[in-house]
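This report refers to the structure that appears directly beneath it.
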Amino acid sequence: MNKIFTVLLGISFMFQAFSQGKTDAMLFGDVKISKSEVHIPYATISVKGTNIGTVADGTGHFKLANLPLGKNIIIAQALGYKMQEIEVEMEKGKAYDVFFELEEDVLNLEQVVVTATRTEHFIKDVPVRTEVITAKAIENKNACNLYQALEGTPGVRVENQCQYCNFTMIRMQGLGAEHTQVLINGQPMYSGLAGVYGLQQLSTVDIDQIEVVKGAGSALYGSGAVAGAINIVTKEPGYEPATNVDVQFGSFNTNKFDINSSMRNEKGNVGLGVFAQRYTEGAIDQTGAGLNREDVLKKDGISDRVTTNLTNAGFGLYIDNAFLKNDKLVVRGKSVFEKREGGTMTDDYYRNPLTDGTENITTDRYEASISYTKKIKNKSEVNFLLAYVNHNRNATNDSYLGDYMATHNDSVPDLRNMRPYLANENSFTSTLSFNTVMGRHSVILGLQSFYDKLEESGMYVVVDESSQYLGQSYRSVADKAAREFGFFAQDEWAVNGSFMVVPGIRIDHHFSGEKYTADRQVFATNNFPETSFDETAVNPRLALKYKISDHITLRANTGTGFRAPYGFSEDLHLCSGSPRVWKSSELKPETSVSYNLSADYYGKNIRLSTNLFRTGLKNKIGFTNADANVAALGYDYQWKNIDDAFVQGVELSVMANLAKSLDLGVDVTYNQGEYKNLREDWIGTDYEKQSKYISRFPATTGNIKLEYSPKSWTLAITGNYQGTMFVDYYNEDIDPVLGDLTKIKETEPFMIFNARVSKKLNLFKLYAGVNNIFNYVQDERHLDDAAFMYAPVYGTMVYGGISINILH
């Protein structure tokens with residue numbers, strides 16, 4: 001870890017040799033809160049249309065040297081305040097004063113977003129409704145990773161899907177992670193293997209903001225954006241060299257060590273940012289199996305939270321006027337290293353990866369991207385991006401050991417035959433787009449390609465009692481690949497000052513295939529059927545925005561989406577190097593039609609929002625046990641087009657500045673999600689009626705956030721409410737007394753409260769917090785179904801830390 005910090009910080013001092021011509025035109029000034037004498041420290045001051053800028057000092061004062069001669073527009077901006085522009089005329093060898101008074105932006109309406117239309121808009125002006133999680137919001141909720149940052153977002157639910165390895169996923173407006181496209185700076189670099197543990201592996205140390213767009217997104221972002229898109233926007237270097245160090249300690253070895261440093265050369269056109277995070281979580285055992293909360297609260301010696309050691313590190317190099325005037329080159333690189341271990345904690349039994357009940361997973365991930373932007377005059381722009389991801393996993397669980405013991409009278413296999421599941425994924429993404437403004441039209445045309453290759457291998461045992469190969473061990477290798485190529489077009493037509501129409505369309509061609517081989521004869525045929533998918537999809541979208549007044553805006557959008565049958569996270573979670581999960585070549589892609597209608601009121605100190613949504617899903621793909629004819633080929637599970645389905649609901653939210661330094665946010669969402677028919681595996685049971693409801697989709701969700709920031713203090717209290725929902729439980733270890741407990745459980749509603757307080761002392765900030773204040777845990781647990789989770793399985797956690805911000 002020390003070597004990583006040393007290398008990254010060393011790089012940051014390579015770009016100080018650049019200089020510019022000297023005009024001796026000087027600018028001095030300060031930045032204050034409007035209608036007050038209170039200065040704003042560390043505001044950013046820049047010269048519009050140039051790379052020249054600085055940061056005000058701790059007293060709110062600044063100076064700029066060697067400004068261009070003639071008329072210049074000087075911009076002042078600070079987090080939580082509205083931007084202000086002042087025009088000055090500079091002369092050689094002379095100094096001038098300029099004083100800014102910034103209005104507070106208590107509702108964050110001056111945030112600039114890009115995800116909804118691939119073009120820049122203020123959040124209050126964007127044609128497609130967008131939610132923004134700011135860097136300040138990430139800090140106030142003490143979010144160390146993407147999973148924690150997304151918690152409490154209206155219409156978005158993050159959840160733990162596995163009691164043993166803590167696999168997490170996103171649900172947006174009731175649809176699963178496979179329907180939500182996660183983007184990094186607008187590019188789909190988060191897929192495949194990253195879809196299993198990536199939410200917790202992507203740190204927030206380099207995140208500037210997160211943009212959430214709900215509803216049909218396939219017209220811009222292709223397969224996987226049926227429910228919408230989540231775009232992670234990373235930080236860019238500031239105008240002054242700065243380093244931020246954050247050290248945090250918490251319950252059960254929940255510790256964090258962050259460093260983020262950036263600088264620019266004197267000319268301002270070359271910037272470098274480097275970052276690293278070391279994050280640890282110790283194993284926790286606070287609960288166990290039980291049919292009620294009293295029994296659940298008894299420890300069972302098995303980890304409820306796995307041990308995690310995670311390191312993120314990377315850099316971003318930004319060069320303006322790199323090759324031509326008005327161009328920009330950005331080179332980014334990032335690495336992720338994670339090791340997680342869980343299982344029986346007695347005598348550190350789980351530390352041995354080859355023992356029963358143990359999960360041991362190592363991840364190595366490398367990202368590299370290069371983007372180039374060239375402005376053509378003042379109305380057009382060409383953008384090109386190329387990204388590469390290499391993702392590796394080495395995983396050991398007790399599946400092979402357990403199956404071997406079950407078919408060999410509890411004897412264990414030869415240690416030399418014990419091998420981990422190994423996976424190696426390589427993916428390439430490229431995007432070329434052209435934007436131009438023609439009168440009232442802002443047009444974007446683009447091409448995007450995606451290539452993914454995934455190789456897997458692992459050890460398995462034949463467990464079919466009717467097979468002549470019962471108990472035979474074998475090594476299986478899977479070879480999976482996908483290619484996608486898409487064209488998209490969009491026109492933002494400002495019909496007049498109040499009405500905007502945004503039609504768009506995307507055409508995608510998807511091809512993917514899977515091939516499995518075994519090292520010996522273990523089934524009726526050793527040549528498992530290959531699968532392939534070859535589909536072309538056309539997805540239009542139409543968005544409308546009507547500004548009734550300066551305070552009220554109506555938005556509507558509709559569009560279609562599709563999901564190609566490739567890269568299912570459940571496959572990779574199950575370690576599918578063997579043909580455990582069958583995908584027939586006849587499997588149809590999911591298609592959807594989505595509708596969103598919203599109304600927003602933007603007042604001086606209050607924002608009210610309403611959003612109606614509905615998505616109809618056709619040929620929904622579901623994960624089921626293998627049919628008899630499929631099981632005969634050696635498969636345990638299979639994917640099926642199980643039914644059509646829909647999700648719909650209404651989101652209501654209010655953000656208000658109640659008083660000076662006191663902000664309140666409240667939102668509530670009412671949901672409904674159903675299949676067209678009863679699920680066939682529940683027909684004839686006591687739960688066939690409940691089977692029509694989409695599992696793990698709460699009828700109601702809500703959030704409350706209260707922030708009080710007097711002077712140098714900040715207190716943030718959040719509450720996250722989850723209403724009743726239906727969760728499947730499949731009883732595998734049937735108790736001889738209780739019998740088969742397989743059921744669909746209707747959960748009880750609950751609310752989790754968290755709090756954080758911080759105090760700023762010049763360059764230092766001290767903070768402390770508590771999560772799950774009232775120690776809530778779910779009221780029923782069954783360890784034989786790893787996915788039976790719907791609430792926290794461990795209680796209150798506390799933490800404290802110190803952050804140091806240094807301007808060089």
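The chains in the structure tokens are called A, B, ... from first to last as shown; in each chain the residues are counted from 1, and the ligands are counted from 1 in the order shown.
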
Expected answer as a VMD selection string: strand (DSSP E or B) residues in region 420-627 of chain A: chain A and resid 421 to 438 441 to 461 473 to 494 499 to 518 527 531 to 547 552 to 563 581 to 582 590 to 602 606 to 625

Spatial neighbours of Phe315 (chain A), max dist 8 Å, only C-alpha atoms, sep filter under 5 positions, as a PyMOL selection string: chain A and resi 8+272-275+332-334

What are the closest atom pairs, with distances in Å to one decimal, for all residues of region 206-322 of chain A lying within 12 Å of region 44-66 of chain A? Consider only C-alpha atoms, order rows by chain and residue number, and present the result as CSV.
residue,atom,partner,partner_atom,distance
A:Pro237,CA,A:Thr54,CA,11.4
A:Gly238,CA,A:Val55,CA,7.9
A:Tyr239,CA,A:Thr54,CA,4.9
A:Glu240,CA,A:Thr54,CA,5.8
A:Pro241,CA,A:Val55,CA,9.4
A:Ala242,CA,A:Val55,CA,10.0
A:Met263,CA,A:Thr54,CA,11.0
A:Arg264,CA,A:Asn51,CA,9.7
A:Asn265,CA,A:Asn51,CA,10.1
A:Glu266,CA,A:Ile52,CA,8.5
A:Lys267,CA,A:Ile52,CA,6.9
A:Gly268,CA,A:Asn51,CA,4.9
A:Asn269,CA,A:Asn51,CA,5.4
A:Val270,CA,A:Asn51,CA,8.7
A:Gly271,CA,A:Asn51,CA,10.0
A:Tyr318,CA,A:Asn51,CA,11.2
A:Ile319,CA,A:Asn51,CA,10.0
A:Asp320,CA,A:Asn51,CA,7.6
A:Asn321,CA,A:Asn51,CA,9.6

Could you produce a table of the residues of region 118-192 of chain A lying within 12 Å of region 620-630 of chain A, with the nearest pair of atoms per residue and their separation in Å rounded to one decimal, using only C-alpha atoms, ordered by chain and increasing residue number, as a tab-separated table?
residue	atom	partner	partner_atom	distance
A:Leu175	CA	A:Lys620	CA	10.6
A:Gly176	CA	A:Gly622	CA	11.1
A:Glu178	CA	A:Ile621	CA	10.2
A:His179	CA	A:Lys620	CA	10.7

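Shortest atom-to-atom contact with Ala786 (chain A) among A:Asn326, A:Gln161, A:Thr134, A:Asn754: A:Gln161, counting only C-alpha atoms.
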
Contact residues around Tyr474 (chain A) with only C-alpha atoms at 8 Å, ignoring same-chain residues under 5 positions, as a list in words: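 Surrounding residues, per the criterion: Met459, Tyr460, Val461, Ala518, Asp519, Arg520 and Val522 of chain A.
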
For the residues selected in the previous step, produce a file with C-alpha atoms as a short mmCIF file (atom, residue, chain, number, x, y, z; two decimals), in the first residue's frame.
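Result written to selection-v2.cif:
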data_model
loop_
_atom_site.label_atom_id
_atom_site.label_comp_id
_atom_site.auth_asym_id
_atom_site.auth_seq_id
_atom_site.Cartn_x
_atom_site.Cartn_y
_atom_site.Cartn_z
CA MET A 459 -13.85 -28.21 -10.09
CA TYR A 460 -17.25 -29.91 -9.81
CA VAL A 461 -18.83 -33.26 -8.83
CA ALA A 518 -14.97 -30.89 -19.36
CA ASP A 519 -11.66 -32.67 -18.85
CA ARG A 520 -13.34 -36.10 -18.76
CA VAL A 522 -19.07 -37.23 -16.87
#
